[in-house]
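Participant: Below you will find the structure I want to go over with you.
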Amino acid sequence: MKLTINNEPREFNDNITVRELLDQLNLSGQFVAVERNYSIVPYKTFNTSTLHDGDIIELVTLVGGG
C-alpha cells in the first residue's frame, strides 16, 4: 500500500498498524507524535490503529539539546 509520510510517498505491506510502521522506520522506543489524515493518533491506539492505502502520515519526534 502507498502511504505519504512527512510529504514523501512510500510503499508498505497492507494492513500494518501505526506501531508496525514505527518499527519499520526504526522509530520504536522514541517519543513520536503521529498524525493520520490530519488527526492525531493517540499513543494508546498505536497497536490497534491500522493504516490504509492513501493515508497521509506526519511523524514528529522530540529532539533534546542544549
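How things are named: the first chain in the C-alpha cells is A, the next is B, and so on; residues count from 1 in each chain; ligands count from 1 in the order shown.
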Could you give me, as JSON, numbers by chain, the residues within 7 Å of stretch 17-19 of chain A, counting only C-alpha atoms and dropping anything in the same chain fewer than 6 positions from it?
Facilitator: {"A": [46, 47, 48, 49, 50, 51]}
Participant: Would you please extract all helix (DSSP H, G or I) residues from chain A, as assigned by DSSP on the backbone, and give them as a list in words?
Facilitator: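 Matching residues for helix (DSSP H, G or I) in chain A are Val18, Arg19, Glu20, Leu21, Leu22, Asp23, Gln24, Tyr43, Lys44 and Thr45 of chain A.
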Participant: Would you write out those residues with C-alpha atoms, as a compact mmCIF listing (two decimals), in the first residue's frame?
Facilitator:
# COMPACT_ATOMS: atom_id res chain seq x y z
CA VAL A 18 0.96 2.52 13.46
CA ARG A 19 3.25 0.56 15.81
CA GLU A 20 4.43 -1.67 12.92
CA LEU A 21 5.07 1.41 10.79
CA LEU A 22 7.22 2.93 13.53
CA ASP A 23 9.10 -0.37 13.86
CA GLN A 24 9.80 -0.42 10.10
CA TYR A 43 -0.44 6.67 21.71
CA LYS A 44 -2.60 4.05 23.41
CA THR A 45 -4.05 3.06 19.99
Participant: Which residue out of A:Gln30, A:Ile16, A:Leu3, A:Arg36 has the minimum interatomic distance to A:Val63 when only C-alpha atoms are used?
Facilitator: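 When distances to A:Val63 are compared using only C-alpha atoms, the smallest one comes from A:Gln30.
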Participant: Could you check which of A:Met1, A:Val41, A:Ala33, A:Asn26 is closest to A:Asn13, using only C-alpha atoms?
Facilitator: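 Counting only C-alpha atoms, the residue closest to A:Asn13 is A:Met1.
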Participant: Expressed in Å to a single decimal, how great is the separation between atom CA of A:Arg10 and atom CA of A:Gly29?
Facilitator: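 Interatomic distance, atom CA of A:Arg10 to atom CA of A:Gly29: 21.7 Å.
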